[in-house]
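Source file: model.pdb. Holds: PDB, C-alpha atoms.
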ATOM      1  CA  MET A   4      18.287 -24.295  12.807
ATOM      2  CA  LYS A   5      19.332 -21.434  10.584
ATOM      3  CA  LYS A   6      17.632 -18.087  11.019
ATOM      4  CA  VAL A   7      16.182 -17.045   7.656
ATOM      5  CA  PHE A   8      14.204 -13.966   8.659
ATOM      6  CA  SER A   9      14.891 -11.459  11.395
ATOM      7  CA  ARG A  10      14.703  -7.732  12.066
ATOM      8  CA  THR A  11      17.039  -5.646   9.928
ATOM      9  CA  ARG A  12      19.669  -3.672  11.825
ATOM     10  CA  ALA A  13      18.529  -0.509  10.006
ATOM     11  CA  LEU A  14      15.420  -0.600  12.248
ATOM     12  CA  LYS A  15      15.752   0.175  15.949
ATOM     13  CA  PRO A  16      14.625  -2.649  18.264
ATOM     14  CA  VAL A  17      11.482  -0.848  19.400
ATOM     15  CA  ALA A  18       7.745  -1.388  18.917
ATOM     16  CA  PHE A  19       5.932   0.717  16.283
ATOM     17  CA  HIS A  20       3.194   3.065  17.477
ATOM     18  CA  TYR A  21       1.064   2.356  14.388
ATOM     19  CA  CYS A  22      -2.377   0.729  14.565
ATOM     20  CA  PRO A  23      -2.712  -3.059  14.112
ATOM     21  CA  GLY A  24      -2.403  -3.970  10.424
ATOM     22  CA  CYS A  25      -1.016  -0.604   9.320
ATOM     23  CA  GLY A  26       0.969  -0.516   6.085
ATOM     24  CA  HIS A  27       3.435   2.047   7.435
ATOM     25  CA  SER A  28       5.217  -0.479   9.607
ATOM     26  CA  ILE A  29       5.624  -2.928   6.707
ATOM     27  CA  LEU A  30       6.987  -0.160   4.501
ATOM     28  CA  HIS A  31       9.370   1.092   7.204
ATOM     29  CA  ARG A  32      10.811  -2.406   7.332
ATOM     30  CA  LEU A  33      11.136  -2.674   3.534
ATOM     31  CA  VAL A  34      12.941   0.659   3.249
ATOM     32  CA  ALA A  35      15.238  -0.288   6.144
ATOM     33  CA  GLU A  36      15.974  -3.711   4.637
ATOM     34  CA  VAL A  37      16.914  -2.159   1.283
ATOM     35  CA  ILE A  38      19.182   0.365   3.038
ATOM     36  CA  GLU A  39      20.920  -2.470   4.879
ATOM     37  CA  GLU A  40      21.221  -4.651   1.762
ATOM     38  CA  MET A  41      22.744  -1.743  -0.203
ATOM     39  CA  ASP A  42      25.197  -1.236   2.689
ATOM     40  CA  LEU A  43      24.054   2.359   3.149
ATOM     41  CA  VAL A  44      23.117   2.330   6.859
ATOM     42  CA  ASP A  45      25.884   4.832   7.613
ATOM     43  CA  ARG A  46      25.173   6.950   4.538
ATOM     44  CA  ALA A  47      21.362   7.161   4.437
ATOM     45  CA  ILE A  48      19.411  10.239   5.510
ATOM     46  CA  GLY A  49      15.633  10.127   5.750
ATOM     47  CA  VAL A  50      13.126  12.958   5.828
ATOM     48  CA  PRO A  51       9.871  12.047   7.613
ATOM     49  CA  PRO A  52       6.582  13.865   6.908
ATOM     50  CA  ALA A  53       3.764  15.300   8.944
ATOM     51  CA  GLY A  54       1.172  12.574   9.360
ATOM     52  CA  CYS A  55       1.110   9.192  11.064
ATOM     53  CA  ALA A  56       4.740   8.600  10.003
ATOM     54  CA  VAL A  57       5.981  11.811  11.632
ATOM     55  CA  LEU A  58       7.691   9.664  14.258
ATOM     56  CA  ALA A  59       9.554   7.562  11.662
ATOM     57  CA  TYR A  60      12.832   8.758  13.193
ATOM     58  CA  PHE A  61      12.024   6.643  16.264
ATOM     59  CA  TYR A  62      12.245   3.534  14.096
ATOM     60  CA  PHE A  63      14.860   4.009  11.374
ATOM     61  CA  ASP A  64      18.378   3.583  12.690
ATOM     62  CA  VAL A  65      19.742   6.055  10.130
ATOM     63  CA  ASP A  66      20.049   9.849  10.255
ATOM     64  CA  MET A  67      16.717  11.617   9.889
ATOM     65  CA  GLY A  68      15.759  15.278   9.493
ATOM     66  CA  GLU A  69      12.120  16.184  10.051
ATOM     67  CA  ALA A  70      10.432  18.375   7.420
ATOM     68  CA  PRO A  71       7.505  20.778   7.885
ATOM     69  CA  HIS A  72       4.246  19.437   6.444
ATOM     70  CA  GLY A  73       4.648  18.762   2.720
ATOM     71  CA  ARG A  74       8.159  20.186   2.494
ATOM     72  CA  GLY A  75       9.979  16.857   2.360
ATOM     73  CA  ALA A  76      11.296  17.355  -1.172
ATOM     74  CA  ALA A  77      12.605  20.835  -0.315
ATOM     75  CA  VAL A  78      14.376  19.662   2.857
ATOM     76  CA  ALA A  79      15.776  16.614   1.042
ATOM     77  CA  THR A  80      17.030  18.865  -1.769
ATOM     78  CA  GLY A  81      19.077  20.855   0.730
ATOM     79  CA  ILE A  82      20.488  17.757   2.423
ATOM     80  CA  LYS A  83      21.410  16.085  -0.873
ATOM     81  CA  ARG A  84      23.091  19.193  -2.306
ATOM     82  CA  VAL A  85      25.281  19.566   0.786
ATOM     83  CA  LEU A  86      25.987  15.823   1.071
ATOM     84  CA  PRO A  87      25.786  14.509  -2.497
ATOM     85  CA  ASP A  88      27.226  11.074  -1.708
ATOM     86  CA  ARG A  89      24.410  10.199   0.727
ATOM     87  CA  LEU A  90      21.214   8.285   0.048
ATOM     88  CA  VAL A  91      18.520  10.883   0.758
ATOM     89  CA  PHE A  92      14.898   9.806   0.851
ATOM     90  CA  THR A  93      11.653  11.412   1.912
ATOM     91  CA  TYR A  94       8.884   9.337   3.442
ATOM     92  CA  GLN A  95       5.568  11.040   2.774
ATOM     93  CA  GLY A  96       1.889  10.224   2.949
ATOM     94  CA  ASP A  97      -0.676  11.169   0.328
ATOM     95  CA  GLY A  98      -1.801  14.263   2.216
ATOM     96  CA  ASP A  99       1.797  15.349   2.592
ATOM     97  CA  ILE A 100       3.074  14.790  -0.949
ATOM     98  CA  ALA A 101      -0.081  15.045  -3.083
ATOM     99  CA  ALA A 102      -1.864  17.915  -1.310
ATOM    100  CA  ILE A 103       0.201  20.385   0.689
ATOM    101  CA  GLY A 104       3.531  19.317  -0.817
ATOM    102  CA  THR A 105       2.504  19.267  -4.491
ATOM    103  CA  ALA A 106       4.521  22.329  -5.525
ATOM    104  CA  GLU A 107       7.739  21.344  -3.750
ATOM    105  CA  THR A 108       7.578  17.811  -5.059
ATOM    106  CA  ILE A 109       6.863  18.697  -8.694
ATOM    107  CA  HIS A 110       9.628  21.297  -8.807
ATOM    108  CA  ALA A 111      12.140  19.056  -7.047
ATOM    109  CA  ALA A 112      11.363  16.413  -9.683
ATOM    110  CA  ASN A 113      11.615  19.000 -12.443
ATOM    111  CA  ARG A 114      15.042  20.095 -11.225
ATOM    112  CA  GLY A 115      16.041  16.437 -11.304
ATOM    113  CA  GLU A 116      17.073  16.457  -7.645
ATOM    114  CA  LYS A 117      18.803  13.183  -6.868
ATOM    115  CA  ILE A 118      16.469  12.204  -4.063
ATOM    116  CA  THR A 119      13.888   9.454  -3.621
ATOM    117  CA  ALA A 120      10.327  10.039  -2.462
ATOM    118  CA  ILE A 121       8.641   7.087  -0.767
ATOM    119  CA  PHE A 122       4.986   8.002  -1.170
ATOM    120  CA  VAL A 123       2.533   6.101   1.029
ATOM    121  CA  ASN A 124      -0.949   6.247  -0.443
ATOM    122  CA  ASN A 125      -3.679   5.105   1.941
ATOM    123  CA  ALA A 126      -6.422   7.217   0.349
ATOM    124  CA  VAL A 127      -7.226   9.047   3.562
ATOM    125  CA  TYR A 128      -5.824  11.542   6.074
ATOM    126  CA  GLY A 129      -4.858   9.030   8.735
ATOM    127  CA  MET A 130      -3.429  10.968  11.659
ATOM    128  CA  THR A 131      -6.190  13.569  11.811
ATOM    129  CA  GLY A 132      -9.007  11.026  11.868
ATOM    130  CA  GLY A 133      -9.844   9.793   8.389
ATOM    131  CA  GLN A 134     -10.809  12.865   6.370
ATOM    132  CA  MET A 135     -10.995  12.735   2.563
ATOM    133  CA  ALA A 136      -7.593  13.086   0.883
ATOM    134  CA  PRO A 137      -6.831  14.078  -2.722
ATOM    135  CA  THR A 138      -6.224  10.373  -3.281
ATOM    136  CA  SER A 139      -9.508   9.108  -1.785
ATOM    137  CA  VAL A 140     -11.137   7.006  -4.476
ATOM    138  CA  VAL A 141     -14.494   7.746  -6.128
ATOM    139  CA  GLY A 142     -17.314   6.665  -3.831
ATOM    140  CA  GLN A 143     -15.049   6.287  -0.802
ATOM    141  CA  VAL A 144     -16.740   7.099   2.494
ATOM    142  CA  THR A 145     -14.621   9.221   4.823
ATOM    143  CA  THR A 146     -15.497  11.509   7.727
ATOM    144  CA  THR A 147     -15.664  14.486   5.331
ATOM    145  CA  SER A 148     -17.361  12.587   2.484
ATOM    146  CA  PRO A 149     -20.000  10.648   4.441
ATOM    147  CA  LYS A 150     -22.003   9.856   1.295
ATOM    148  CA  GLY A 151     -18.936   8.796  -0.672
ATOM    149  CA  ARG A 152     -16.578  10.910  -2.770
ATOM    150  CA  ASP A 153     -18.531  12.446  -5.654
ATOM    151  CA  PRO A 154     -16.232  13.748  -8.434
ATOM    152  CA  SER A 155     -18.749  16.469  -9.387
ATOM    153  CA  ARG A 156     -18.418  17.917  -5.886
ATOM    154  CA  GLU A 157     -15.004  16.863  -4.573
ATOM    155  CA  GLY A 158     -13.055  16.255  -7.772
ATOM    156  CA  PHE A 159     -11.250  13.146  -8.902
ATOM    157  CA  PRO A 160      -8.559  11.190  -7.068
ATOM    158  CA  ILE A 161      -5.153  12.337  -8.263
ATOM    159  CA  ASN A 162      -2.728   9.911  -9.872
ATOM    160  CA  PHE A 163       0.317  11.737  -8.613
ATOM    161  CA  THR A 164       2.970   9.234  -9.632
ATOM    162  CA  GLU A 165       1.833   9.261 -13.278
ATOM    163  CA  LEU A 166       2.034  13.065 -13.085
ATOM    164  CA  LEU A 167       5.608  12.934 -11.765
ATOM    165  CA  ALA A 168       6.529  10.387 -14.451
ATOM    166  CA  GLN A 169       5.774  13.043 -17.121
ATOM    167  CA  ILE A 170       8.482  15.327 -15.767
ATOM    168  CA  LYS A 171      11.878  15.313 -17.514
ATOM    169  CA  GLY A 172      13.884  15.373 -14.268
ATOM    170  CA  THR A 173      12.211  12.196 -13.002
ATOM    171  CA  ALA A 174      14.426   9.147 -13.505
ATOM    172  CA  PHE A 175      12.236   6.523 -11.879
ATOM    173  CA  ALA A 176       8.521   6.469 -11.069
ATOM    174  CA  ALA A 177       6.585   3.400 -10.024
ATOM    175  CA  ARG A 178       3.550   2.303  -8.043
ATOM    176  CA  ALA A 179       3.573  -0.756  -5.830
ATOM    177  CA  SER A 180       1.175  -2.240  -3.291
ATOM    178  CA  LEU A 181       1.282  -3.978   0.077
ATOM    179  CA  GLN A 182      -1.876  -6.024  -0.582
ATOM    180  CA  ASP A 183      -0.298  -9.454   0.068
ATOM    181  CA  PRO A 184       3.134 -10.976   0.792
ATOM    182  CA  ALA A 185       3.985 -11.355  -2.926
ATOM    183  CA  HIS A 186       3.348  -7.647  -3.544
ATOM    184  CA  VAL A 187       5.269  -6.726  -0.392
ATOM    185  CA  LEU A 188       8.318  -8.516  -1.834
ATOM    186  CA  LYS A 189       7.774  -6.782  -5.196
ATOM    187  CA  THR A 190       7.539  -3.425  -3.445
ATOM    188  CA  LYS A 191      10.935  -4.029  -1.885
ATOM    189  CA  LYS A 192      12.509  -4.670  -5.305
ATOM    190  CA  ILE A 193      10.990  -1.456  -6.659
ATOM    191  CA  ILE A 194      12.311   0.573  -3.700
ATOM    192  CA  ARG A 195      15.750  -0.845  -4.415
ATOM    193  CA  LYS A 196      15.530   0.247  -8.077
ATOM    194  CA  ALA A 197      14.549   3.758  -7.004
ATOM    195  CA  PHE A 198      17.455   3.984  -4.544
ATOM    196  CA  GLU A 199      19.842   2.656  -7.196
ATOM    197  CA  ALA A 200      18.618   5.291  -9.662
ATOM    198  CA  GLN A 201      19.401   7.941  -7.054
ATOM    199  CA  MET A 202      22.863   6.579  -6.224
ATOM    200  CA  LYS A 203      23.707   6.460  -9.933
ATOM    201  CA  GLY A 204      22.782  10.139 -10.127
ATOM    202  CA  LEU A 205      20.062   9.626 -12.735
ATOM    203  CA  GLY A 206      17.600  12.111 -11.214
ATOM    204  CA  PHE A 207      14.476  12.223  -9.071
ATOM    205  CA  SER A 208      12.826   8.940  -8.127
ATOM    206  CA  VAL A 209       9.444   8.218  -6.604
ATOM    207  CA  VAL A 210       7.797   5.023  -5.383
ATOM    208  CA  GLU A 211       4.109   5.204  -4.558
ATOM    209  CA  VAL A 212       2.961   2.412  -2.267
ATOM    210  CA  LEU A 213      -0.726   1.546  -1.850
ATOM    211  CA  SER A 214      -1.089   0.930   1.839
ATOM    212  CA  PRO A 215      -3.989  -0.193   4.043
ATOM    213  CA  CYS A 216      -5.369   1.980   6.849
ATOM    214  CA  PRO A 217      -7.716  -0.417   8.708
ATOM    215  CA  THR A 218      -8.550   2.079  11.475
ATOM    216  CA  ASN A 219      -9.795   4.911   9.267
ATOM    217  CA  TRP A 220     -11.315   2.641   6.658
ATOM    218  CA  LYS A 221     -13.253   1.007   9.535
ATOM    219  CA  MET A 222     -12.154  -2.490   8.492
ATOM    220  CA  SER A 223     -10.331  -5.430  10.020
ATOM    221  CA  PRO A 224      -6.702  -5.685   8.849
ATOM    222  CA  PRO A 225      -7.400  -8.624   6.453
ATOM    223  CA  GLN A 226     -10.431  -6.728   5.045
ATOM    224  CA  ALA A 227      -8.313  -3.630   4.519
ATOM    225  CA  PHE A 228      -5.681  -5.611   2.602
ATOM    226  CA  ARG A 229      -8.454  -7.021   0.410
ATOM    227  CA  TRP A 230      -9.799  -3.502  -0.181
ATOM    228  CA  VAL A 231      -6.389  -2.402  -1.481
ATOM    229  CA  LYS A 232      -6.382  -5.362  -3.860
ATOM    230  CA  GLU A 233      -9.982  -5.062  -5.010
ATOM    231  CA  GLU A 234     -10.705  -1.315  -4.950
ATOM    232  CA  MET A 235      -7.569   0.812  -4.770
ATOM    233  CA  VAL A 236      -5.713  -0.980  -7.553
ATOM    234  CA  LYS A 237      -8.629  -0.202  -9.922
ATOM    235  CA  HIS A 238      -7.970   3.510  -9.511
ATOM    236  CA  TYR A 239      -4.222   3.265  -9.074
ATOM    237  CA  PRO A 240      -2.747   0.762 -11.532
ATOM    238  CA  LEU A 241       0.496  -0.851 -10.399
ATOM    239  CA  GLY A 242       3.662  -0.741 -12.452
ATOM    240  CA  VAL A 243       6.807   1.135 -13.406
ATOM    241  CA  PHE A 244       5.845   4.316 -15.286
ATOM    242  CA  LYS A 245       9.353   5.563 -15.936
ATOM    243  CA  ASP A 246      12.759   3.961 -15.654
ATOM    244  CA  ALA A 247      15.488   6.179 -17.112
ATOM    245  CA  GLU A 248      18.018   3.405 -16.910
ATOM    246  CA  GLY A 249      15.721   0.949 -18.661
ATOM    247  CA  GLU A 250      15.149   3.486 -21.432
ATOM    248  CA  SER A 251      18.839   4.135 -21.918
ATOM    249  CA  LEU A 252      19.437   0.387 -22.078
ATOM    250  CA  ALA A 253      16.753   0.123 -24.763
ATOM    251  CA  ASP A 254      18.468   2.768 -26.934
TER     252      ASP A 254
ATOM    253  CA  MET B  26      10.203 -30.221  11.048
ATOM    254  CA  ALA B  27      11.625 -28.245   8.134
ATOM    255  CA  GLY B  28      10.955 -24.867   9.615
ATOM    256  CA  LYS B  29       9.603 -22.975  12.567
ATOM    257  CA  ILE B  30       8.715 -19.449  13.547
ATOM    258  CA  VAL B  31       9.167 -17.607  16.807
ATOM    259  CA  ILE B  32       6.630 -14.890  17.594
ATOM    260  CA  ASN B  33       7.553 -12.040  19.917
ATOM    261  CA  GLU B  34       4.187 -11.790  21.677
ATOM    262  CA  GLU B  35       4.900  -8.409  23.226
ATOM    263  CA  LEU B  36       5.294  -6.869  19.747
ATOM    264  CA  CYS B  37       2.204  -8.631  18.315
ATOM    265  CA  LYS B  38      -0.879  -6.444  17.840
ATOM    266  CA  GLY B  39      -3.215  -9.280  16.883
ATOM    267  CA  CYS B  40      -3.866  -7.983  13.353
ATOM    268  CA  ALA B  41      -3.968 -11.650  12.227
ATOM    269  CA  LEU B  42      -2.447 -10.972   8.800
ATOM    270  CA  CYS B  43      -0.089 -13.908   9.413
ATOM    271  CA  VAL B  44      -3.145 -16.067  10.132
ATOM    272  CA  GLU B  45      -4.680 -14.864   6.851
ATOM    273  CA  PHE B  46      -1.592 -15.427   4.697
ATOM    274  CA  CYS B  47       0.024 -18.587   6.169
ATOM    275  CA  PRO B  48      -0.407 -21.052   3.274
ATOM    276  CA  ARG B  49      -0.618 -23.974   5.722
ATOM    277  CA  ASP B  50      -2.807 -22.383   8.395
ATOM    278  CA  LEU B  51      -0.227 -22.979  11.109
ATOM    279  CA  ILE B  52      -0.786 -19.676  12.923
ATOM    280  CA  LYS B  53      -3.860 -19.317  15.121
ATOM    281  CA  PRO B  54      -5.474 -16.398  16.913
ATOM    282  CA  THR B  55      -5.858 -16.759  20.684
ATOM    283  CA  ARG B  56      -7.804 -15.020  23.444
ATOM    284  CA  ARG B  57      -4.598 -14.411  25.415
ATOM    285  CA  LEU B  58      -3.675 -10.758  25.995
ATOM    286  CA  ASN B  59      -0.180  -9.290  25.937
ATOM    287  CA  ALA B  60       0.926  -6.359  28.126
ATOM    288  CA  LYS B  61      -0.466  -3.832  25.639
ATOM    289  CA  GLY B  62      -3.867  -5.533  25.650
ATOM    290  CA  TYR B  63      -3.787  -7.142  22.221
ATOM    291  CA  TYR B  64      -4.904 -10.727  21.560
ATOM    292  CA  VAL B  65      -1.750 -12.486  20.415
ATOM    293  CA  VAL B  66      -1.389 -15.220  17.807
ATOM    294  CA  ILE B  67       0.431 -18.534  18.287
ATOM    295  CA  PHE B  68       2.400 -20.845  16.032
ATOM    296  CA  ASP B  69       0.676 -24.222  16.020
ATOM    297  CA  PRO B  70       2.783 -26.747  14.049
ATOM    298  CA  ASP B  71       0.482 -29.632  14.961
ATOM    299  CA  GLY B  72      -1.646 -28.928  11.898
ATOM    300  CA  GLY B  73       1.183 -29.585   9.410
ATOM    301  CA  GLU B  74       4.765 -28.834   8.533
ATOM    302  CA  CYS B  75       6.138 -25.292   8.436
ATOM    303  CA  THR B  76       8.197 -24.811   5.278
ATOM    304  CA  ALA B  77       9.855 -21.600   6.496
ATOM    305  CA  CYS B  78       8.411 -19.790   3.469
ATOM    306  CA  THR B  79       8.656 -16.523   5.512
ATOM    307  CA  LEU B  80       5.347 -15.139   4.169
ATOM    308  CA  CYS B  81       4.090 -14.516   7.726
ATOM    309  CA  ALA B  82       7.229 -12.532   8.560
ATOM    310  CA  VAL B  83       7.039 -10.648   5.253
ATOM    311  CA  ILE B  84       3.481  -9.439   5.967
ATOM    312  CA  CYS B  85       3.857  -8.932   9.759
ATOM    313  CA  PRO B  86       3.702  -5.162  10.302
ATOM    314  CA  GLU B  87       5.329  -5.392  13.719
ATOM    315  CA  VAL B  88       8.422  -7.392  12.664
ATOM    316  CA  SER B  89       7.465  -9.727  15.496
ATOM    317  CA  ILE B  90       8.179 -12.991  13.661
ATOM    318  CA  GLU B  91      11.544 -14.695  13.210
ATOM    319  CA  VAL B  92      11.776 -17.642  10.845
ATOM    320  CA  TYR B  93      14.128 -20.611  11.150
ATOM    321  CA  ARG B  94      14.910 -23.320   8.613
ATOM    322  CA  GLU B  95      16.564 -26.731   9.095
TER     323      GLU B  95
END

Turn the structure described in the file into structure tokens.
Amino acid sequence: MKKVFSRTRALKPVAFHYCPGCGHSILHRLVAEVIEEMDLVDRAIGVPPAGCAVLAYFYFDVDMGEAPHGRGAAVATGIKRVLPDRLVFTYQGDGDIAAIGTAETIHAANRGEKITAIFVNNAVYGMTGGQMAPTSVVGQVTTTSPKGRDPSREGFPINFTELLAQIKGTAFAARASLQDPAHVLKTKKIIRKAFEAQMKGLGFSVVEVLSPCPTNWKMSPPQAFRWVKEEMVKHYPLGVFKDAEGESLAD
Amino acid sequence: MAGKIVINEELCKGCALCVEFCPRDLIKPTRRLNAKGYYVVIFDPDGGECTACTLCAVICPEVSIEVYRE
């Protein structure tokens, strides 16, 4: 029998530390598969965040350089400017990119840095125990919003990818989801487009990925995947918000 | 049999997403524990034919499933 699915060689043969049903592990695999398919295993450099994915360098079999909390875009800028022929990507959660790292990320995009941000949105601060994040949706119960997020008190969830899409230096901005196998496959295609935009030197690229956090949402893994599909997508519409290459083709 | 899957039980964390998304319901939860203490799932082709669609492997967070096709 022919093997039609196996572990990509861009992932080390080790077990993930993530909780059962966590979206991080799926997304690690997708990013690694795209790196392998683009034949960039020897030329990719990743920048992990602070958060659950801080240990991403244990899993990706490519070079990695850890960034301080939120500073992924700044660290990646330095790496890419010194090594411009490399694929440089940051891997950041919503607390990392959309809270503490907002300034770095927006200005890196505005400078048109040729890096890719993989932005994992699970609507909660995962590693620290499920506190409300800037991306927590309206009404969402977290440990710091026990009665549900109320916009009059805690503000609105931030649609960070739409914000980045407004910036001139951004070449590619899209939101994808891991809610079911079909969307997982779609997410992989979108990551590939973002990496291609970077390697063509078009500018900054970002892929936001809606990702389940069963532990902090206090759900079973299948319930958490349904919650992404039924609740998160309402607040965070999926799609490609900017595709510089597509636009230039249209001209 | 058109297809089959091989589950690495020591990587499985029993999240049961493969059980949820297998279109033919060929993956079943068990009460058997692996070394980490998770209830593992098993491939049970008695209920029908596996088409090697790979959806279980695509959704498996632990990359614990390999898929084979005739």

(request) Select residues of chain B: the criterion is any atom within 7 Å of an atom of chain A, counting all atoms listed in the file; output as a list in words. (result)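 Here they are: Leu36, Lys38, Gly39, Cys40, Leu42, Glu45, Thr79, Leu80, Val83, Ile84, Cys85, Pro86, Glu87, Val88, Glu91, Val92, Tyr93, Arg94 and Glu95 of chain B.
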
(message) Can you pull out the residues contacting segment 64-78 of chain B? Cut-off 8 Å, using only C-alpha atoms, and skip same-chain residues under 4 positions away; I want them as a list in words.
(response)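 Contacts, with the query itself left out: Val7 of chain A; Met26, Ala27, Gly28, Lys29, Ile30, Val31, Ile32, Glu34, Cys37, Lys38, Gly39, Ala41, Val44, Arg49, Asp50, Leu51, Ile52, Lys53, Pro54, Thr55, Arg56, Arg57, Leu58, Asn59, Val92, Tyr93 and Arg94 of chain B.
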
(request) Step by step, work through what the PyMOL selection byres ((chain A and resi 123-139) around 7) selects in the shown file, and finish by giving those residues as a PyMOL selection string. (result) chain A and resi 54-55+95-98+101-102+121-122+140-141+143+145-148+160-161+211-216+219

(request) Take atom CA of Ile109 of chain A and atom CA of Gly49 of chain A and report the distance between them in Å, one decimal. (result)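 Taking atom CA of Ile109 of chain A and atom CA of Gly49 of chain A, their separation equals 18.9 Å.
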
(request) Between atom CA of Gly73 of chain A and atom CA of Ile100 of chain A, measure the distance and give it in Å to one decimal. (result)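 Result for atom CA of Gly73 of chain A versus atom CA of Ile100 of chain A: 5.6 Å, one decimal.
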
(message) List as an MDAnalysis selection string the protein and nucleic acid residues near Ile38 of chain A, meaning an atom at most 9 Å away when only C-alpha atoms are counted, but skip any in the same chain fewer than 4 places from it.
(response) chainID A and resid 13 33:34 42:44 47 90 195 198
